[in-house]
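Colleague: Take this structure, written in structure tokens, and hold onto it; I'll ask about it next.
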Amino acid sequence: MRAVVARNLEGRGIELHPQTNLTELVKTDNGIKVITDHGGELIADVVLFATGDYNSFLDSKQMVSHFHILVILQVTKYKKVEFGSCSVEIDKTGAVKVDEYSRTNIPSIWAVGDVTNRMNLTPVALMEGTCFAVHFLSEAFYFPVANTKTVFGGESSKPDYRNIPCAVFSIPPLSIVGLSEEEAIEQVNGDVLVFTSTFNPMKNTVSGRQEKTIMKLVVDVETDKVLGASMCGPDAPEIMQGIAVALKCGATKAQFDSTVGIHPSAAEEFVTMRSVSRRVTARGKRRQICSGCTAR
């Protein structure tokens, strides 16, 4: 999927420099000279430098001093957390250490969200906070919320990090839910089936843009459960949000196959993928399946 995103971006004229960090920015008469950690130099009219952790921000201070730029920063890791005389433990990355119920080493102090560095997504922080607090609100305001028990309600409910959908809002976007193919191979004891579909969206056909959409389903052969789904293409996050509900309910490939698709749409590909692209055996050896074979 990463390769698909890269090809699509390059097809739009965007030059990629993977595994490269910026070390210095210098204002010149010809523009901004960008120096990378590989010793390379680039000249740019404008530089937007975005970083996502505390250490990278500290490393960027010297670079920023050479030229005034806009830095978008989300500090997700902290060197220390001060709570007066309390000594809240943090891990080697600077994140607050919590147990599976979001409790720190101090029984009366809890932590949720990016500061714990578990899964740094806004909706996940909302889920973690909900597990902690919503039961109290449901009692106070007579608003029943199913399966939300917290410390305020006297019963603990831990966050469930399985089948959490996420997206990269590239052009076109990438979205995934559940296990990747690599994760499934590592975690499943038996064989794994991989279904893929690649096509040119209708609007790209009309415009002549050669930008493919790709979809993938990963299935456990023994249980027939869909373990993961991914898509790179227009509206991928919108489609994957619905797929996430299906995976949360434990949907099987047979249930996907029995679902009627909406035509014409890209989403219907997820319920019409009948041919196995490859089968990964329990010993990790891939056996390519002919395009005309069916899953069973």
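Just so we're on the same page: first chain in the structure tokens is A, next is B, and so on; residues restart at 1 for each chain, and ligands are numbered from 1 in the order they show up.
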Please tabulate, as CSV, the residues of range 112-227 of chain A that come within 10 Å of range 272-279 of chain A, each with its closest pair of atoms and the distance in Å to one decimal, counting only C-alpha atoms and ordering rows by chain, then residue number upward.
Modeller:
residue,atom,partner,partner_atom,distance
A:Asp191,CA,A:Arg279,CA,7.0
A:Val192,CA,A:Arg279,CA,5.8
A:Leu193,CA,A:Arg279,CA,4.6
A:Val194,CA,A:Arg278,CA,5.4
A:Phe195,CA,A:Val276,CA,5.0
A:Thr196,CA,A:Ser277,CA,6.0
A:Ser197,CA,A:Met273,CA,7.0
A:Met215,CA,A:Met273,CA,9.4
A:Lys216,CA,A:Met273,CA,9.0
A:Leu217,CA,A:Met273,CA,8.6
A:Val218,CA,A:Arg279,CA,9.8
A:Val219,CA,A:Arg279,CA,9.6
A:Val221,CA,A:Arg279,CA,9.1
Colleague: Would you save the residues from that selection as a compact mmCIF listing (two decimals), in the first residue's frame, using N, CA and C atoms?
Modeller:
# COMPACT_ATOMS: atom_id res chain seq x y z
N ASP A 191 -3.31 -20.91 7.73
CA ASP A 191 -3.10 -20.24 6.45
C ASP A 191 -3.90 -18.93 6.38
N VAL A 192 -3.41 -18.04 5.55
CA VAL A 192 -4.05 -16.74 5.34
C VAL A 192 -4.30 -16.54 3.85
N LEU A 193 -5.50 -16.10 3.51
CA LEU A 193 -5.84 -15.76 2.13
C LEU A 193 -5.81 -14.26 1.94
N VAL A 194 -5.27 -13.83 0.81
CA VAL A 194 -5.21 -12.40 0.48
C VAL A 194 -5.97 -12.16 -0.81
N PHE A 195 -6.97 -11.29 -0.74
CA PHE A 195 -7.76 -10.91 -1.91
C PHE A 195 -7.40 -9.46 -2.27
N THR A 196 -7.15 -9.20 -3.53
CA THR A 196 -6.84 -7.84 -3.95
C THR A 196 -7.64 -7.48 -5.20
N SER A 197 -7.85 -6.19 -5.37
CA SER A 197 -8.51 -5.68 -6.57
C SER A 197 -7.85 -4.36 -6.95
N MET A 215 -7.45 -2.31 -3.51
CA MET A 215 -8.12 -2.75 -2.29
C MET A 215 -7.59 -4.12 -1.90
N LYS A 216 -7.63 -4.42 -0.60
CA LYS A 216 -7.13 -5.70 -0.13
C LYS A 216 -7.96 -6.18 1.06
N LEU A 217 -8.23 -7.49 1.07
CA LEU A 217 -8.84 -8.15 2.22
C LEU A 217 -7.92 -9.29 2.66
N VAL A 218 -7.72 -9.42 3.96
CA VAL A 218 -6.91 -10.49 4.52
C VAL A 218 -7.83 -11.39 5.34
N VAL A 219 -7.82 -12.70 5.05
CA VAL A 219 -8.79 -13.63 5.63
C VAL A 219 -8.10 -14.81 6.29
N VAL A 221 -8.07 -18.54 6.96
CA VAL A 221 -8.66 -19.68 6.27
C VAL A 221 -9.50 -20.53 7.22
Colleague: Pick out the residues sitting within 12 Å of range 163-177 of chain A, and hand them over as a compact mmCIF listing (two decimals) with all heavy atoms, in the first residue's frame; count only C-alpha atoms, and ignore anything fewer than 5 positions along from it in its own chain.
Modeller:
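This went into result-v1.txt:
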# COMPACT_ATOMS: atom_id res chain seq x y z
N MET A 1 0.81 -1.20 0.00
CA MET A 1 0.00 0.00 0.00
C MET A 1 0.86 1.27 0.00
O MET A 1 0.52 2.26 -0.64
CB MET A 1 -0.94 -0.01 1.21
CG MET A 1 -2.12 -0.96 1.06
SD MET A 1 -3.20 -0.45 -0.29
CE MET A 1 -4.42 -1.75 -0.25
N ARG A 2 1.96 1.23 0.72
CA ARG A 2 2.86 2.40 0.72
C ARG A 2 3.40 2.66 -0.67
O ARG A 2 3.54 3.82 -1.10
CB ARG A 2 4.01 2.17 1.71
CG ARG A 2 3.60 2.16 3.16
CD ARG A 2 4.81 2.17 4.07
NE ARG A 2 5.58 0.95 3.92
CZ ARG A 2 5.42 -0.12 4.67
NH1 ARG A 2 4.51 -0.12 5.63
NH2 ARG A 2 6.18 -1.20 4.50
N ALA A 3 3.70 1.58 -1.38
CA ALA A 3 4.22 1.72 -2.74
C ALA A 3 3.18 2.34 -3.66
O ALA A 3 3.50 3.14 -4.55
CB ALA A 3 4.67 0.37 -3.28
N VAL A 4 1.91 1.98 -3.45
CA VAL A 4 0.82 2.53 -4.27
C VAL A 4 0.71 4.03 -4.02
O VAL A 4 0.57 4.82 -4.96
CB VAL A 4 -0.51 1.83 -3.94
CG1 VAL A 4 -1.66 2.51 -4.67
CG2 VAL A 4 -0.44 0.36 -4.35
N VAL A 5 0.75 4.43 -2.75
CA VAL A 5 0.68 5.86 -2.43
C VAL A 5 1.84 6.60 -3.07
O VAL A 5 1.67 7.68 -3.66
CB VAL A 5 0.70 6.07 -0.90
CG1 VAL A 5 0.83 7.56 -0.56
CG2 VAL A 5 -0.56 5.50 -0.26
N ALA A 6 3.04 6.02 -2.99
CA ALA A 6 4.21 6.66 -3.58
C ALA A 6 4.07 6.83 -5.08
O ALA A 6 4.36 7.89 -5.64
CB ALA A 6 5.46 5.85 -3.25
N ARG A 7 3.60 5.77 -5.77
CA ARG A 7 3.44 5.85 -7.23
C ARG A 7 2.41 6.92 -7.61
O ARG A 7 2.60 7.67 -8.58
CB ARG A 7 3.02 4.49 -7.79
CG ARG A 7 4.13 3.47 -7.82
CD ARG A 7 3.79 2.30 -8.73
NE ARG A 7 2.58 1.61 -8.30
CZ ARG A 7 2.59 0.56 -7.47
NH1 ARG A 7 3.73 0.10 -6.99
NH2 ARG A 7 1.46 -0.04 -7.14
N ASN A 8 1.31 6.98 -6.84
CA ASN A 8 0.27 7.96 -7.16
C ASN A 8 0.77 9.39 -6.95
O ASN A 8 0.46 10.29 -7.73
CB ASN A 8 -0.97 7.71 -6.30
CG ASN A 8 -1.75 6.49 -6.76
OD1 ASN A 8 -1.63 6.05 -7.90
ND2 ASN A 8 -2.56 5.93 -5.88
N LEU A 9 1.55 9.61 -5.89
CA LEU A 9 2.10 10.95 -5.65
C LEU A 9 3.10 11.32 -6.74
O LEU A 9 3.11 12.46 -7.24
CB LEU A 9 2.76 11.00 -4.28
CG LEU A 9 1.82 10.94 -3.07
CD1 LEU A 9 2.62 10.87 -1.78
CD2 LEU A 9 0.89 12.14 -3.04
N GLU A 10 3.95 10.37 -7.11
CA GLU A 10 4.93 10.64 -8.16
C GLU A 10 4.23 10.90 -9.49
O GLU A 10 4.71 11.71 -10.31
CB GLU A 10 5.90 9.46 -8.29
CG GLU A 10 6.86 9.36 -7.10
CD GLU A 10 7.64 8.06 -7.09
OE1 GLU A 10 7.22 7.11 -7.81
OE2 GLU A 10 8.64 7.97 -6.36
N GLY A 11 3.09 10.23 -9.70
CA GLY A 11 2.32 10.47 -10.92
C GLY A 11 1.76 11.88 -11.01
O GLY A 11 1.45 12.36 -12.09
N ARG A 12 1.64 12.53 -9.87
CA ARG A 12 1.17 13.91 -9.83
C ARG A 12 2.33 14.91 -9.84
O ARG A 12 2.13 16.10 -9.59
CB ARG A 12 0.30 14.13 -8.59
CG ARG A 12 -1.05 13.40 -8.67
CD ARG A 12 -1.83 13.52 -7.37
NE ARG A 12 -3.14 12.91 -7.49
CZ ARG A 12 -4.28 13.57 -7.74
NH1 ARG A 12 -4.25 14.88 -7.90
NH2 ARG A 12 -5.43 12.93 -7.83
N GLY A 13 3.53 14.40 -10.06
CA GLY A 13 4.69 15.27 -10.17
C GLY A 13 5.38 15.60 -8.86
O GLY A 13 6.20 16.52 -8.79
N ILE A 14 5.06 14.85 -7.81
CA ILE A 14 5.67 15.08 -6.51
C ILE A 14 6.91 14.20 -6.36
O ILE A 14 6.83 12.98 -6.50
CB ILE A 14 4.66 14.78 -5.38
CG1 ILE A 14 3.45 15.70 -5.50
CG2 ILE A 14 5.32 14.94 -4.01
CD1 ILE A 14 2.33 15.38 -4.53
N MET A 119 -1.79 4.53 20.99
CA MET A 119 -2.17 4.66 19.59
C MET A 119 -2.60 6.11 19.39
O MET A 119 -3.69 6.51 19.81
CB MET A 119 -3.31 3.69 19.22
CG MET A 119 -3.66 3.70 17.75
SD MET A 119 -4.84 2.39 17.28
CE MET A 119 -3.80 0.94 17.39
N ASN A 120 -1.73 6.89 18.81
CA ASN A 120 -1.89 8.34 18.80
C ASN A 120 -2.85 8.81 17.71
O ASN A 120 -2.45 9.35 16.67
CB ASN A 120 -0.53 9.03 18.65
CG ASN A 120 0.38 8.70 19.82
OD1 ASN A 120 -0.08 8.40 20.91
ND2 ASN A 120 1.68 8.76 19.60
N LEU A 121 -4.13 8.59 17.96
CA LEU A 121 -5.20 9.03 17.08
C LEU A 121 -6.26 9.73 17.92
O LEU A 121 -6.59 9.26 19.01
CB LEU A 121 -5.82 7.86 16.32
CG LEU A 121 -4.91 7.08 15.37
CD1 LEU A 121 -5.62 5.82 14.90
CD2 LEU A 121 -4.54 7.95 14.16
N THR A 122 -6.81 10.82 17.41
CA THR A 122 -7.81 11.57 18.16
C THR A 122 -9.00 10.70 18.57
O THR A 122 -9.42 10.75 19.74
CB THR A 122 -8.28 12.78 17.34
OG1 THR A 122 -7.17 13.64 17.09
CG2 THR A 122 -9.35 13.56 18.09
N PRO A 123 -9.59 9.90 17.67
CA PRO A 123 -10.72 9.08 18.09
C PRO A 123 -10.35 8.04 19.14
O PRO A 123 -11.19 7.63 19.95
CB PRO A 123 -11.18 8.40 16.79
CG PRO A 123 -10.66 9.27 15.70
CD PRO A 123 -9.36 9.79 16.21
N VAL A 124 -9.09 7.60 19.14
CA VAL A 124 -8.65 6.64 20.15
C VAL A 124 -8.58 7.32 21.52
O VAL A 124 -8.99 6.75 22.54
CB VAL A 124 -7.28 6.04 19.78
CG1 VAL A 124 -6.74 5.18 20.92
CG2 VAL A 124 -7.40 5.22 18.51
N ALA A 125 -8.10 8.56 21.54
CA ALA A 125 -8.09 9.32 22.80
C ALA A 125 -9.52 9.50 23.31
O ALA A 125 -9.78 9.42 24.52
CB ALA A 125 -7.42 10.67 22.58
N MET A 127 -12.00 7.41 22.76
CA MET A 127 -12.40 6.11 23.28
C MET A 127 -11.83 5.89 24.68
O MET A 127 -12.55 5.43 25.60
CB MET A 127 -11.93 4.99 22.35
CG MET A 127 -12.16 3.59 22.89
SD MET A 127 -11.41 2.29 21.89
CE MET A 127 -9.66 2.61 22.13
N GLU A 183 1.13 -8.55 9.39
CA GLU A 183 0.72 -8.83 10.77
C GLU A 183 -0.07 -10.13 10.85
O GLU A 183 0.09 -10.91 11.80
CB GLU A 183 -0.10 -7.67 11.30
CG GLU A 183 0.69 -6.41 11.57
CD GLU A 183 -0.19 -5.22 11.88
OE1 GLU A 183 -1.37 -5.22 11.47
OE2 GLU A 183 0.30 -4.28 12.53
N PRO A 201 -10.43 4.13 -11.37
CA PRO A 201 -11.74 4.70 -11.09
C PRO A 201 -12.36 5.36 -12.32
O PRO A 201 -11.66 5.88 -13.18
CB PRO A 201 -11.45 5.73 -10.00
CG PRO A 201 -10.18 5.28 -9.37
CD PRO A 201 -9.39 4.64 -10.48
N ASN A 204 -11.27 8.77 -13.28
CA ASN A 204 -9.93 8.82 -13.85
C ASN A 204 -9.94 8.35 -15.30
O ASN A 204 -9.14 8.80 -16.12
CB ASN A 204 -8.97 7.95 -13.04
CG ASN A 204 -8.61 8.59 -11.70
OD1 ASN A 204 -8.97 9.73 -11.45
ND2 ASN A 204 -7.94 7.84 -10.85
N GLU A 211 -4.22 6.70 -12.53
CA GLU A 211 -4.05 6.59 -11.09
C GLU A 211 -4.94 5.47 -10.58
O GLU A 211 -6.16 5.60 -10.56
CB GLU A 211 -4.41 7.92 -10.43
CG GLU A 211 -3.99 8.04 -8.98
CD GLU A 211 -4.18 9.46 -8.49
OE1 GLU A 211 -5.33 9.81 -8.15
OE2 GLU A 211 -3.22 10.23 -8.50
N LYS A 212 -4.34 4.38 -10.19
CA LYS A 212 -5.08 3.18 -9.83
C LYS A 212 -5.59 3.22 -8.40
O LYS A 212 -4.98 3.80 -7.51
CB LYS A 212 -4.20 1.94 -10.00
CG LYS A 212 -3.68 1.72 -11.41
CD LYS A 212 -4.80 1.35 -12.37
CE LYS A 212 -4.26 1.00 -13.74
NZ LYS A 212 -5.33 0.67 -14.70
N THR A 213 -6.73 2.59 -8.18
CA THR A 213 -7.24 2.30 -6.85
C THR A 213 -6.93 0.85 -6.54
O THR A 213 -7.10 -0.02 -7.40
CB THR A 213 -8.75 2.54 -6.76
OG1 THR A 213 -9.02 3.95 -6.79
CG2 THR A 213 -9.33 1.97 -5.47
N ILE A 214 -6.49 0.57 -5.33
CA ILE A 214 -6.20 -0.81 -4.94
C ILE A 214 -6.88 -1.11 -3.62
O ILE A 214 -6.93 -0.27 -2.72
CB ILE A 214 -4.67 -1.07 -4.84
CG1 ILE A 214 -4.42 -2.54 -4.51
CG2 ILE A 214 -4.02 -0.15 -3.82
CD1 ILE A 214 -2.97 -2.96 -4.65
N MET A 215 -7.45 -2.31 -3.51
CA MET A 215 -8.12 -2.75 -2.29
C MET A 215 -7.59 -4.12 -1.90
O MET A 215 -7.16 -4.90 -2.76
CB MET A 215 -9.63 -2.84 -2.50
CG MET A 215 -10.30 -1.53 -2.86
SD MET A 215 -12.05 -1.79 -3.19
CE MET A 215 -12.61 -0.09 -3.34
N LYS A 216 -7.63 -4.42 -0.60
CA LYS A 216 -7.13 -5.70 -0.13
C LYS A 216 -7.96 -6.18 1.06
O LYS A 216 -8.34 -5.40 1.93
CB LYS A 216 -5.66 -5.58 0.29
CG LYS A 216 -5.06 -6.88 0.82
CD LYS A 216 -3.68 -6.65 1.45
CE LYS A 216 -2.62 -6.34 0.42
NZ LYS A 216 -1.26 -6.32 1.03
N LEU A 217 -8.23 -7.49 1.07
CA LEU A 217 -8.84 -8.15 2.22
C LEU A 217 -7.92 -9.29 2.66
O LEU A 217 -7.40 -10.02 1.82
CB LEU A 217 -10.21 -8.72 1.88
CG LEU A 217 -11.36 -7.74 1.67
CD1 LEU A 217 -12.62 -8.49 1.25
CD2 LEU A 217 -11.62 -6.93 2.94
N VAL A 218 -7.72 -9.42 3.96
CA VAL A 218 -6.91 -10.49 4.52
C VAL A 218 -7.83 -11.39 5.34
O VAL A 218 -8.56 -10.91 6.22
CB VAL A 218 -5.78 -9.93 5.41
CG1 VAL A 218 -4.94 -11.06 5.98
CG2 VAL A 218 -4.91 -8.96 4.61
N VAL A 226 -12.64 -12.07 8.29
CA VAL A 226 -11.84 -11.03 7.64
C VAL A 226 -11.00 -10.37 8.73
O VAL A 226 -11.53 -9.77 9.66
CB VAL A 226 -12.73 -9.99 6.94
CG1 VAL A 226 -11.87 -8.90 6.32
CG2 VAL A 226 -13.59 -10.66 5.87
N LEU A 227 -9.69 -10.50 8.62
CA LEU A 227 -8.78 -10.01 9.64
C LEU A 227 -8.37 -8.56 9.40
O LEU A 227 -8.03 -7.84 10.35
CB LEU A 227 -7.52 -10.87 9.68
CG LEU A 227 -7.73 -12.36 9.94
CD1 LEU A 227 -6.41 -13.10 9.82
CD2 LEU A 227 -8.37 -12.59 11.29
N GLY A 228 -8.39 -8.14 8.15
CA GLY A 228 -7.96 -6.78 7.84
C GLY A 228 -8.41 -6.36 6.47
O GLY A 228 -8.65 -7.19 5.59
N ALA A 229 -8.54 -5.06 6.30
CA ALA A 229 -8.91 -4.49 5.00
C ALA A 229 -8.12 -3.21 4.79
O ALA A 229 -7.81 -2.49 5.75
CB ALA A 229 -10.42 -4.20 4.94
N SER A 230 -7.78 -2.93 3.56
CA SER A 230 -7.05 -1.70 3.25
C SER A 230 -7.43 -1.22 1.86
O SER A 230 -7.85 -2.01 1.00
CB SER A 230 -5.53 -1.92 3.35
OG SER A 230 -5.12 -3.02 2.56
N MET A 231 -7.28 0.07 1.66
CA MET A 231 -7.64 0.67 0.38
C MET A 231 -6.84 1.93 0.15
O MET A 231 -6.63 2.73 1.07
CB MET A 231 -9.14 1.00 0.34
CG MET A 231 -9.58 1.77 -0.89
SD MET A 231 -11.34 2.19 -0.83
CE MET A 231 -11.47 3.19 -2.33
N CYS A 232 -6.39 2.13 -1.07
CA CYS A 232 -5.79 3.39 -1.49
C CYS A 232 -6.56 3.85 -2.71
O CYS A 232 -6.58 3.18 -3.74
CB CYS A 232 -4.31 3.22 -1.83
SG CYS A 232 -3.52 4.76 -2.38
N GLY A 233 -7.23 4.97 -2.58
CA GLY A 233 -8.04 5.49 -3.68
C GLY A 233 -9.01 6.54 -3.17
O GLY A 233 -9.10 6.78 -1.96
N PRO A 234 -9.73 7.20 -4.07
CA PRO A 234 -10.70 8.23 -3.66
C PRO A 234 -11.70 7.70 -2.65
O PRO A 234 -12.20 6.57 -2.78
CB PRO A 234 -11.38 8.61 -4.98
CG PRO A 234 -10.38 8.26 -6.05
CD PRO A 234 -9.68 7.04 -5.54
N ASP A 235 -11.99 8.50 -1.63
CA ASP A 235 -13.00 8.18 -0.61
C ASP A 235 -12.63 6.97 0.25
O ASP A 235 -13.49 6.39 0.92
CB ASP A 235 -14.38 7.95 -1.24
CG ASP A 235 -14.86 9.15 -2.03
OD1 ASP A 235 -14.68 10.28 -1.54
OD2 ASP A 235 -15.42 8.97 -3.13
N ALA A 236 -11.37 6.58 0.28
CA ALA A 236 -10.96 5.41 1.06
C ALA A 236 -11.35 5.52 2.53
O ALA A 236 -11.88 4.56 3.10
CB ALA A 236 -9.45 5.18 0.90
N PRO A 237 -11.13 6.67 3.21
CA PRO A 237 -11.51 6.74 4.63
C PRO A 237 -13.01 6.58 4.84
O PRO A 237 -13.45 5.96 5.83
CB PRO A 237 -11.04 8.14 5.05
CG PRO A 237 -9.96 8.49 4.08
CD PRO A 237 -10.41 7.89 2.78
N GLU A 238 -13.82 7.14 3.95
CA GLU A 238 -15.27 7.03 4.08
C GLU A 238 -15.71 5.57 3.96
O GLU A 238 -16.57 5.10 4.72
CB GLU A 238 -15.96 7.87 3.00
CG GLU A 238 -15.48 9.30 2.88
CD GLU A 238 -15.82 10.13 4.11
OE1 GLU A 238 -16.76 9.76 4.83
OE2 GLU A 238 -15.15 11.15 4.35
N ILE A 239 -15.13 4.86 3.02
CA ILE A 239 -15.47 3.46 2.80
C ILE A 239 -14.98 2.60 3.96
O ILE A 239 -15.69 1.72 4.47
CB ILE A 239 -14.89 2.96 1.47
CG1 ILE A 239 -15.56 3.71 0.30
CG2 ILE A 239 -15.05 1.46 1.31
CD1 ILE A 239 -14.93 3.45 -1.05
N MET A 240 -13.76 2.88 4.43
CA MET A 240 -13.17 2.04 5.47
C MET A 240 -13.87 2.18 6.80
O MET A 240 -13.86 1.25 7.62
CB MET A 240 -11.68 2.38 5.61
CG MET A 240 -10.85 1.26 6.20
SD MET A 240 -10.99 -0.30 5.30
CE MET A 240 -10.45 0.21 3.67
N GLN A 241 -14.52 3.33 7.04
CA GLN A 241 -15.26 3.47 8.29
C GLN A 241 -16.38 2.45 8.37
O GLN A 241 -16.64 1.85 9.43
CB GLN A 241 -15.84 4.89 8.40
CG GLN A 241 -16.58 5.16 9.70
CD GLN A 241 -15.66 5.17 10.90
OE1 GLN A 241 -15.02 6.16 11.21
NE2 GLN A 241 -15.58 4.05 11.61
N GLY A 242 -17.05 2.20 7.25
CA GLY A 242 -18.10 1.18 7.24
C GLY A 242 -17.54 -0.22 7.35
O GLY A 242 -18.12 -1.08 8.04
N ILE A 243 -16.41 -0.47 6.69
CA ILE A 243 -15.77 -1.79 6.78
C ILE A 243 -15.35 -2.07 8.23
O ILE A 243 -15.41 -3.21 8.69
CB ILE A 243 -14.54 -1.85 5.85
CG1 ILE A 243 -14.96 -1.63 4.39
CG2 ILE A 243 -13.81 -3.18 6.01
CD1 ILE A 243 -15.80 -2.74 3.82
N ALA A 244 -14.96 -1.02 8.94
CA ALA A 244 -14.52 -1.19 10.33
C ALA A 244 -15.66 -1.73 11.20
O ALA A 244 -15.42 -2.54 12.11
CB ALA A 244 -14.02 0.14 10.90
N VAL A 245 -16.88 -1.31 10.93
CA VAL A 245 -18.02 -1.81 11.69
C VAL A 245 -18.18 -3.31 11.46
O VAL A 245 -18.42 -4.09 12.39
CB VAL A 245 -19.31 -1.07 11.30
CG1 VAL A 245 -20.52 -1.67 12.01
CG2 VAL A 245 -19.21 0.41 11.61
N ALA A 246 -18.03 -3.72 10.19
CA ALA A 246 -18.15 -5.14 9.86
C ALA A 246 -17.10 -5.96 10.57
O ALA A 246 -17.39 -7.03 11.13
CB ALA A 246 -18.05 -5.32 8.34
N LEU A 247 -15.85 -5.49 10.58
CA LEU A 247 -14.79 -6.23 11.25
C LEU A 247 -14.99 -6.26 12.75
O LEU A 247 -14.69 -7.25 13.41
CB LEU A 247 -13.42 -5.63 10.92
CG LEU A 247 -12.68 -6.28 9.73
CD1 LEU A 247 -13.46 -6.13 8.44
CD2 LEU A 247 -11.28 -5.73 9.58
N LYS A 248 -15.52 -5.17 13.30
CA LYS A 248 -15.79 -5.13 14.74
C LYS A 248 -16.84 -6.17 15.12
O LYS A 248 -16.82 -6.72 16.22
CB LYS A 248 -16.28 -3.73 15.12
CG LYS A 248 -16.25 -3.43 16.60
CD LYS A 248 -14.83 -3.20 17.07
CE LYS A 248 -14.79 -2.74 18.51
NZ LYS A 248 -13.40 -2.58 19.00
N CYS A 249 -17.74 -6.46 14.19
CA CYS A 249 -18.79 -7.47 14.42
C CYS A 249 -18.32 -8.88 14.08
O CYS A 249 -19.11 -9.83 14.17
CB CYS A 249 -20.02 -7.13 13.59
SG CYS A 249 -20.84 -5.59 14.06
N GLY A 250 -17.06 -9.03 13.65
CA GLY A 250 -16.53 -10.35 13.35
C GLY A 250 -16.97 -10.91 12.02
O GLY A 250 -17.15 -12.13 11.87
N ALA A 251 -17.15 -10.05 11.03
CA ALA A 251 -17.65 -10.49 9.72
C ALA A 251 -16.73 -11.49 9.06
O ALA A 251 -15.50 -11.42 9.18
CB ALA A 251 -17.84 -9.28 8.80
Colleague: Between A:Met202, A:Ala184, A:Ala133, A:Leu179, single out the one closest to His263 in chain A, counting only C-alpha atoms.
Modeller: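 Answer, going by the shortest atom-to-atom distance: A:Met202.
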Colleague: Find the residues around Thr116 in chain A up to 9 Å (only C-alpha atoms counted), leave out those fewer than 3 positions away in its own chain, and share them as a list in words.
Modeller: Thr76, Lys77, Ile90, Gly94, Ala95, Val96, Lys97, Val98, Ser102, Ala111, Val112, Gly113, Met119 and Asn120 of chain A
Colleague: So how many Å separate CA of Tyr161 in chain A and CA of Thr281 in chain A, to one decimal?
Modeller: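 Calculated distance between CA of Tyr161 in chain A and CA of Thr281 in chain A is 26.7 Å.
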